[in-house]
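Engineer: Starting off with a structure, shown below.
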Protein chains: 2
Amino acid sequence: MLNRVRSAVAHLVSSGGAPPPRPKSPDLPNATSALPAAPPEKPRSPPARSRGGSAAPAKTVEARASFSRPTFLQLSPGGLRRADDHAGRAVQSPPDTGRRLPWSTGYAEVINAGKSRHNEDQACCEVVYVEGRRSVSGAPREPSRGQLFLHQGLCFYYWGLFDGHAGGGAAEMASRLLHRHIREQLKDLSCWSSQKEVTHESLVVGAIENAFQLMDEQMARERRGHQVEGGCCALVVVYLLGKVYVANAGDSRAIIVRNGEIIPMSREFTPETERQRLQLLGFLKPELLGGEFTHLEFPRRVQPKELGQRMLYRDQNMTGWAYKKIELEDLRFPLVCGEGKKARVMATIGVTRGLGDHNLKVCSSTLPIKPFLSCFPEVRVYDLTQYEHCPDDVLVLGTDGLWDVTSDCEVATTVDKVLSAYEPNDPSRYTALAQALVLGARGTPRDRGWRLPNNKLGSGDDISVFVIPLGGPGSYS
Amino acid sequence: MLNRVRSAVAHLVSSGGAPPPRPKSPDLPNATSALPAAPPEKPRSPPARSRGGSAAPAKTVEARASFSRPTFLQLSPGGLRRADDHAGRAVQSPPDTGRRLPWSTGYAEVINAGKSRHNEDQACCEVVYVEGRRSVSGAPREPSRGQLFLHQGLCFYYWGLFDGHAGGGAAEMASRLLHRHIREQLKDLSCWSSQKEVTHESLVVGAIENAFQLMDEQMARERRGHQVEGGCCALVVVYLLGKVYVANAGDSRAIIVRNGEIIPMSREFTPETERQRLQLLGFLKPELLGGEFTHLEFPRRVQPKELGQRMLYRDQNMTGWAYKKIELEDLRFPLVCGEGKKARVMATIGVTRGLGDHNLKVCSSTLPIKPFLSCFPEVRVYDLTQYEHCPDDVLVLGTDGLWDVTSDCEVATTVDKVLSAYEPNDPSRYTALAQALVLGARGTPRDRGWRLPNNKLGSGDDISVFVIPLGGPGSYS
């Protein structure tokens with residue numbers, strides 16, 4: 001098996017990053033057929049520890065990730081080294097020659113400023129063919145009234161951004177497999193015929209939701225054999241039959257900029273935004289807190305000398321604050337604590353949805369974090385047919401490296417500024433826009449750091465951006 | 001104790017409905033001091049069973065409710081009988097003489113068309129004085145920077161609508177006591193001084209949230225002694241220091257109509273809108289389902305012959321639908337089933353938030369429903385100081401009897417039509433508007449039923465409406 005993995009790596013490097021041939025079987029591949037693995041070199045840095053938490057056994061994950069950037073970047077070995085250089089932080093985009101991404105999608109990325117050894121973001125952009133499920137007998141099914149599509153199948157367009165933490169393994173695996181899980185789930189649509197209150201749209205949403213769960217289960221199953229440690233946020237777009245589905249599990253973000261107007265297409269899942277869900281779980285399943293944590297929140301850490309005094313708190317049911325008398329168990333560490341980017345679940349992780357993290361434990365403890373992390377995305381639907389889109393209308397996806405230092409409005413301003421500098425039918429304008437967004441968030445090296453024009457610090461995180469044009473899907477590809 | 005209760009009833013009737021004098025103690029009264037109880041007469045009908053569920057022991061609750069309408073209606077014994085007449089369904093409002101409700105609030109109500117023996121809605125409108133909490137020593141506290149108010153106390157304005165089910169006892173109790181719980185909670189604000197991330201607003205929200213919980217706990221404690229059976233939805237408005245707090249637990253609704261624009265100030269909590277919360281509870285605590293129910297939802301009831309077949313389903317994490325193979329436990333009755341007004345939790349109750357219902361069991365079973373019902377309201381805040389309100393801007397509260405047959409837009413149209421027929425400074429215009437809304441939802445008797453002008457059926461439910469003018473709080477009172 002190791003030989004098979006090594007030859008996949010060799011193929012990947014020698015072909016300048018082109019993917020290994022897809023398995024012909026419609027079944028989902030296991031990780032070995034999709035993941036390149038450890039080449040015989042040593043990691044050059046300590047284990048990555050982004051967002052806190054117990055780091056993965058670093059050697060194999062780290063080393064593997066060093067060879068993996070999105071295949072559509074078509075990086076040569078030299079290009080791969082430049083993409084991996086924290087000092088230069090060169091912005092990477094698909095080459096302007098050869099085959100473009102579907103819909104002339106723009107893409108750009110840059111590695112972090114040193115917070116982890118490699119770029120732990122991953123990306124995927126594919127046109128995926130869904131074969132209709134045949135009946136048990138193998139004979140083509142007769143079409144029936146209300147069926148979404150027949151046995152001949154259909155295609156969907158797919159974009160995914162994956163922001164890894166505690167290693168690049170989970171993001172890598174998700175970028176190669178999640179769309180295949182979605183494809184498998186969408187096959188069921190061929191069995192569908194009109195039923196009470198179940199719409200096409202709700203079936204696609206359900207297919208995406210289930211695909212996230214199956215992807216997460218696959219990571220749990222295969223993590224030991226393939227060292228897929230760590231976890232990742234996932235932000236995914238599916239275009240199918242006139243509708244754009246945006247599925248988000250984590251703290252990446254998607255917005256549509258349409259005629260200058262901003263339409264949010266996702267929300268971030270963090271210990272602060274998901275406080276009540278986390279507290280409810282801790283309240284209903286106190287064994288998950290191991291006697292070490294309290295599910296209650298206090299404005300500050302309670303001190304032993306405050307026993308018996310009144311203090312503000314809130315529980316899983318409350319959005320406001322009220323007073324309670326401090327008891328012994330209130331002295332435990334709070335399940336949710338910290339503010340903004342420093343907010344943590346069990347003092348460990350700063351994001352509450354995503355894939356993987358099955359081995360993640362509370363620091364110096366055997367308490368698992370995973371029960372509090374949800375792999376389920378929130379899916380928002382945007383009907384492309386309800387509005388006449390122009391070439392300047394775009395869907396922007398970015399990992400938190402972009403949004404930590406760039407507001408929605410600033411993105412809309414950049415959209416306007418960059419796109420108006422190009423002819424509307426110039427397909428390279430969306431890549432130029434993605435690059436401008438990444439550069440704007442990274443900044444330039446000055447005064448011992450990466451700085452923005454206003455002299456504030458730029459993002460030291462990995463930054464990845466897709467710009468998906470909405471004006472005429474398919475017409476640019 | 002019984003004598004004390006009977007004398008309270010006698011006082012209530014003889015004084016034309018005026019409330020008994022308030023206890024001087026700042027402590028909360030128990031139910032005996034606030035609830036009139038059973039007069040020595042028999043109930044005239046079978047136990048009420050609105051929204052399904054095991055009815056309360058009917059005798060005392062039913063009989064007690066027959067004597068109880070909001071005190072501000074100032075009903076004489078004859079008026080009380082007319083308000084209780086299902087055949088005439090006369091609309092009741094406070095008399096146009098004497099003391100008006102605060103802010104010249106309009107109010108109207110009508111009894112149901114026979115679905116329960118008495119009007120199970122209740123209402124309350126009060127100006128409530130909150131005494132500041134003194135320090136332990138009893139000495140007045142020194143004011144400190146950032147304190148919301150000092151030991152001299154403050155006032156808040158309060159409106160409450162309570163829609164009872166399975167008896168009028170819970171609505172009755174809540175209408176008399178909930179604002180006192182809020183008052184107690186708000187006393188804590190006098191201890192408050194500025195702390196990280198805790199705002200005035202979040203303290204008022206927390207006070208209201210806690211008051212709902214304490215009210216519910218009081219009902220649980222005192223239900224045996226005072227036969228407070230059944231439950232109620234609660235929709236409550238608090239005005240304090242320039243802000244309007246709307247707290248809703250149930251399926252009543254509040255909207256602001258401002259310059260013709262509709263601003264929703266609540267949402268309804270039903271088995272459909274709370275499906276995922278209910279399913280999550282059933283999933284995490286399967287013992288609550290007693291082996292009789294499944295937490296999964298299917299588009300229709302699964303048949304035993306479908307074992308092993310694939311069927312659409314959704315669980316607590318999903319908003320879309322996906323397929324699963326039917327197993328034995330999927331044949332259990334679904335935790336959430338039915339659509340629209342027929343949706344039920346455990347085939348029993350059609351509303352998922354409110355007060356009371358501590359004795360409610362699944363029909364022909366000992367399984368309690370209460371763990372699935374939440375007493376916690378959702379609180380929305382509207383800042384009155386952010387907009388220059390005119391006398392035609394109003395906050396409309398209604399029980400579901402109004403909203404079942406009247407859309408938000410129709411209410412806004414009626415607001416415009418009725419208010420424009422009165423002088424802006426005529427304080428009776430808001431009562432006229434409340435009456436018009438109730439009449440419009442009730443309809444007129446025709447073709448063996450209460451019918452609307454379009455010949456559709458009017459609401460046969462109890463209907464209660466508050467119209468609260470926002471243009472110049474206090475200036476009309």
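In the structure tokens, chains take letters A, B, ... by order of appearance, with residues numbered from 1 within each chain and ligands from 1 in the order shown.
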Go through chain B and flag each residue having an atom no more than 9 Å from chain A; for those, report the closest pair of atoms plus their distance in Å to one decimal, using only C-alpha atoms, ordered by chain and rising number, as CSV.
Structural biologist:
residue,atom,partner,partner_atom,distance
B:Gln185,CA,A:Ala322,CA,8.0
B:Asp188,CA,A:Tyr323,CA,7.3
B:Gln195,CA,A:Pro299,CA,7.5
B:Lys196,CA,A:Pro299,CA,6.5
B:Glu197,CA,A:Pro299,CA,7.3
B:Val198,CA,A:Trp321,CA,7.3
B:Thr199,CA,A:Trp321,CA,8.8
B:Glu201,CA,A:Gly320,CA,7.8
B:Ser202,CA,A:Gly320,CA,4.3
B:Leu203,CA,A:Trp321,CA,5.0
B:Val204,CA,A:Gly320,CA,7.2
B:Val205,CA,A:Gly320,CA,4.8
B:Gly206,CA,A:Gly320,CA,3.8
B:Ala207,CA,A:Ala322,CA,5.9
B:Ile208,CA,A:Gly320,CA,8.6
B:Glu209,CA,A:Met318,CA,6.6
B:Asn210,CA,A:Ala322,CA,7.2
B:Leu281,CA,A:Leu284,CA,8.3
B:Leu284,CA,A:Leu284,CA,7.2
B:Lys285,CA,A:Leu284,CA,7.6
B:Pro299,CA,A:Lys196,CA,6.5
B:Arg300,CA,A:Lys196,CA,8.1
B:Leu312,CA,A:Val198,CA,8.8
B:Arg314,CA,A:Gly206,CA,7.9
B:Asn317,CA,A:Phe376,CA,6.6
B:Met318,CA,A:Glu209,CA,6.6
B:Thr319,CA,A:Gly206,CA,6.8
B:Gly320,CA,A:Gly206,CA,3.8
B:Trp321,CA,A:Gly206,CA,4.5
B:Ala322,CA,A:Gly206,CA,5.0
B:Tyr323,CA,A:Asp188,CA,7.3
B:Ser374,CA,A:Asn317,CA,9.0
B:Phe376,CA,A:Asn317,CA,6.6
B:Pro377,CA,A:Asn317,CA,8.8
B:Glu378,CA,A:Thr319,CA,8.5
B:Val379,CA,A:Thr319,CA,8.3
Engineer: Export, as a compact mmCIF listing (two decimals), in the first residue's frame, the selected residues with C-alpha atoms.
Structural biologist:
# COMPACT_ATOMS: atom_id res chain seq x y z
CA GLN B 185 -35.49 40.38 38.78
CA ASP B 188 -30.90 43.31 40.69
CA GLN B 195 -18.83 45.17 33.44
CA LYS B 196 -17.19 43.79 30.34
CA GLU B 197 -19.68 43.01 27.54
CA VAL B 198 -22.70 43.26 29.83
CA THR B 199 -25.02 46.05 28.73
CA GLU B 201 -30.14 45.95 27.64
CA SER B 202 -28.77 42.44 28.20
CA LEU B 203 -29.57 42.75 31.91
CA VAL B 204 -33.19 43.63 31.22
CA VAL B 205 -33.40 40.76 28.73
CA GLY B 206 -31.89 38.41 31.33
CA ALA B 207 -34.31 39.68 33.97
CA ILE B 208 -37.29 38.90 31.73
CA GLU B 209 -35.90 35.48 30.75
CA ASN B 210 -35.34 34.55 34.39
CA LEU B 281 -33.66 16.74 22.85
CA LEU B 284 -29.73 13.33 23.33
CA LYS B 285 -32.26 12.05 25.89
CA PRO B 299 -42.82 12.90 5.07
CA ARG B 300 -45.54 10.44 6.04
CA LEU B 312 -36.91 10.24 2.97
CA ARG B 314 -34.62 14.34 8.37
CA ASN B 317 -29.20 18.43 12.22
CA MET B 318 -30.91 18.63 8.85
CA THR B 319 -33.01 21.25 7.14
CA GLY B 320 -33.19 19.25 3.90
CA TRP B 321 -34.39 15.70 3.27
CA ALA B 322 -32.30 12.61 2.52
CA TYR B 323 -32.87 8.88 2.19
CA SER B 374 -39.63 25.46 26.97
CA PHE B 376 -38.01 30.57 27.86
CA PRO B 377 -39.15 33.49 25.72
CA GLU B 378 -37.37 35.01 22.78
CA VAL B 379 -36.86 38.67 23.61
Engineer: Would you return as a PyMOL selection string the members of segment 232-308 of chain B that DSSP assigns to strand (DSSP E or B) on this structure's backbone?
Structural biologist: chain B and resi 232-240+243-249+253-258+261-264+293-294+297
Engineer: What's the separation between atom CA of Tyr129 of chain A and atom CA of Arg258 of chain A, in Å to one decimal place?
Structural biologist: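 Result for atom CA of Tyr129 of chain A versus atom CA of Arg258 of chain A: 28.9 Å, one decimal.
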Engineer: By how many Å are atom CA of Val467 of chain A and atom CA of Cys232 of chain A apart?
Structural biologist: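 A separation of 20.8 Å between them.
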Engineer: I need the residues of segment 246-456 of chain A that end up classed as alpha helix (DSSP H) by DSSP on the backbone, written out as an MDAnalysis selection string.
Structural biologist: chainID A and resid 275:284 400:403 408:419 429:442
Engineer: Work out how far apart atom CA of Met215 of chain A and atom CA of Ser464 of chain A are and give it in Å to one decimal.
Structural biologist: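 Computing it gives 21.7 Å between the two atoms.
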Engineer: I'd like the neighbourhood of segment 387-396 of chain B as an mmCIF file with N, CA, C and O atoms, in the first residue's frame, where a residue qualifies if any of its atoms comes within 9 Å (using only C-alpha atoms), though same-chain residues fewer than 5 positions away should be ignored.
Structural biologist:
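For reference, part-v3.cif as written:
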data_model
loop_
_atom_site.group_PDB
_atom_site.id
_atom_site.type_symbol
_atom_site.label_atom_id
_atom_site.label_comp_id
_atom_site.auth_asym_id
_atom_site.auth_seq_id
_atom_site.Cartn_x
_atom_site.Cartn_y
_atom_site.Cartn_z
ATOM 1 N N ARG B 253 -48.475 36.781 18.720
ATOM 2 C CA ARG B 253 -47.581 37.534 17.834
ATOM 3 C C ARG B 253 -47.640 39.027 18.136
ATOM 4 O O ARG B 253 -48.685 39.544 18.517
ATOM 5 N N ALA B 254 -46.489 39.692 17.940
ATOM 6 C CA ALA B 254 -46.412 41.144 18.082
ATOM 7 C C ALA B 254 -45.815 41.734 16.821
ATOM 8 O O ALA B 254 -44.817 41.227 16.321
ATOM 9 N N ILE B 255 -46.426 42.779 16.303
ATOM 10 C CA ILE B 255 -45.812 43.525 15.201
ATOM 11 C C ILE B 255 -45.903 45.015 15.500
ATOM 12 O O ILE B 255 -46.831 45.478 16.171
ATOM 13 N N ILE B 256 -44.922 45.742 14.991
ATOM 14 C CA ILE B 256 -45.014 47.198 14.998
ATOM 15 C C ILE B 256 -45.476 47.629 13.615
ATOM 16 O O ILE B 256 -44.989 47.108 12.603
ATOM 17 N N VAL B 257 -46.448 48.526 13.575
ATOM 18 C CA VAL B 257 -46.825 49.158 12.309
ATOM 19 C C VAL B 257 -46.379 50.610 12.417
ATOM 20 O O VAL B 257 -46.884 51.365 13.255
ATOM 21 N N ARG B 258 -45.384 50.954 11.595
ATOM 22 C CA ARG B 258 -44.746 52.267 11.698
ATOM 23 C C ARG B 258 -44.747 52.921 10.336
ATOM 24 O O ARG B 258 -44.099 52.427 9.414
ATOM 25 N N ASN B 259 -45.505 53.992 10.218
ATOM 26 C CA ASN B 259 -45.627 54.677 8.933
ATOM 27 C C ASN B 259 -46.009 53.675 7.836
ATOM 28 O O ASN B 259 -45.489 53.720 6.722
ATOM 29 N N GLY B 260 -46.888 52.750 8.165
ATOM 30 C CA GLY B 260 -47.368 51.756 7.204
ATOM 31 C C GLY B 260 -46.473 50.542 7.054
ATOM 32 O O GLY B 260 -46.890 49.511 6.532
ATOM 33 N N MET B 265 -42.046 41.729 15.646
ATOM 34 C CA MET B 265 -41.390 41.821 16.964
ATOM 35 C C MET B 265 -41.416 40.481 17.707
ATOM 36 O O MET B 265 -41.056 40.406 18.880
ATOM 37 N N VAL B 411 -53.613 43.665 9.097
ATOM 38 C CA VAL B 411 -53.591 44.448 10.331
ATOM 39 C C VAL B 411 -53.112 45.870 10.024
ATOM 40 O O VAL B 411 -53.704 46.859 10.482
ATOM 41 N N VAL B 415 -55.055 49.315 10.724
ATOM 42 C CA VAL B 415 -54.447 50.396 11.507
ATOM 43 C C VAL B 415 -54.643 51.721 10.799
ATOM 44 O O VAL B 415 -55.124 52.711 11.373
ATOM 45 N N ASP B 416 -54.302 51.731 9.520
ATOM 46 C CA ASP B 416 -54.401 52.961 8.739
ATOM 47 C C ASP B 416 -55.859 53.427 8.646
ATOM 48 O O ASP B 416 -56.172 54.598 8.873
ATOM 49 N N LEU B 419 -57.318 54.446 12.381
ATOM 50 C CA LEU B 419 -56.699 55.608 13.027
ATOM 51 C C LEU B 419 -56.944 56.888 12.238
ATOM 52 O O LEU B 419 -57.086 57.973 12.826
ATOM 53 N N SER B 420 -57.013 56.779 10.911
ATOM 54 C CA SER B 420 -57.223 57.988 10.112
ATOM 55 C C SER B 420 -58.642 58.533 10.272
ATOM 56 O O SER B 420 -58.928 59.670 9.891
ATOM 57 N N PRO B 424 -55.817 62.702 15.747
ATOM 58 C CA PRO B 424 -54.589 62.108 16.307
ATOM 59 C C PRO B 424 -54.522 62.179 17.828
ATOM 60 O O PRO B 424 -53.893 61.338 18.456
ATOM 61 N N ASN B 425 -55.168 63.178 18.419
ATOM 62 C CA ASN B 425 -55.069 63.293 19.883
ATOM 63 C C ASN B 425 -56.278 62.711 20.610
ATOM 64 O O ASN B 425 -56.450 62.928 21.804
ATOM 65 N N TYR B 430 -57.242 54.093 19.916
ATOM 66 C CA TYR B 430 -56.520 52.814 19.989
ATOM 67 C C TYR B 430 -57.428 51.676 20.448
ATOM 68 O O TYR B 430 -57.265 50.530 20.029
ATOM 69 N N ALA B 434 -58.331 48.324 18.339
ATOM 70 C CA ALA B 434 -58.303 46.965 18.900
ATOM 71 C C ALA B 434 -59.639 46.264 18.655
ATOM 72 O O ALA B 434 -59.682 45.082 18.275
ATOM 73 N N VAL B 465 -56.501 41.430 21.880
ATOM 74 C CA VAL B 465 -55.610 42.350 21.165
ATOM 75 C C VAL B 465 -55.279 43.564 22.038
ATOM 76 O O VAL B 465 -56.175 44.188 22.608
ATOM 77 N N PHE B 466 -53.998 43.869 22.133
ATOM 78 C CA PHE B 466 -53.536 45.154 22.660
ATOM 79 C C PHE B 466 -53.055 46.012 21.500
ATOM 80 O O PHE B 466 -52.363 45.515 20.610
ATOM 81 N N VAL B 467 -53.383 47.304 21.524
ATOM 82 C CA VAL B 467 -52.795 48.262 20.583
ATOM 83 C C VAL B 467 -52.067 49.319 21.421
ATOM 84 O O VAL B 467 -52.700 50.085 22.157
ATOM 85 N N ILE B 468 -50.737 49.329 21.319
ATOM 86 C CA ILE B 468 -49.923 50.225 22.145
ATOM 87 C C ILE B 468 -49.367 51.333 21.276
ATOM 88 O O ILE B 468 -48.582 51.069 20.359
ATOM 89 N N PRO B 469 -49.782 52.588 21.504
ATOM 90 C CA PRO B 469 -49.264 53.678 20.682
ATOM 91 C C PRO B 469 -47.812 53.984 21.025
ATOM 92 O O PRO B 469 -47.433 53.958 22.197
ATOM 93 N N LEU B 470 -47.009 54.219 20.011
ATOM 94 C CA LEU B 470 -45.581 54.471 20.229
ATOM 95 C C LEU B 470 -45.219 55.949 20.108
ATOM 96 O O LEU B 470 -44.106 56.349 20.427
ATOM 97 N N GLY B 471 -46.167 56.759 19.654
ATOM 98 C CA GLY B 471 -45.864 58.168 19.428
ATOM 99 C C GLY B 471 -45.977 58.979 20.696
ATOM 100 O O GLY B 471 -47.017 59.585 20.963
ATOM 101 N N GLY B 472 -44.929 58.990 21.473
ATOM 102 C CA GLY B 472 -44.923 59.801 22.675
ATOM 103 C C GLY B 472 -45.328 59.044 23.909
ATOM 104 O O GLY B 472 -46.368 59.343 24.506
#
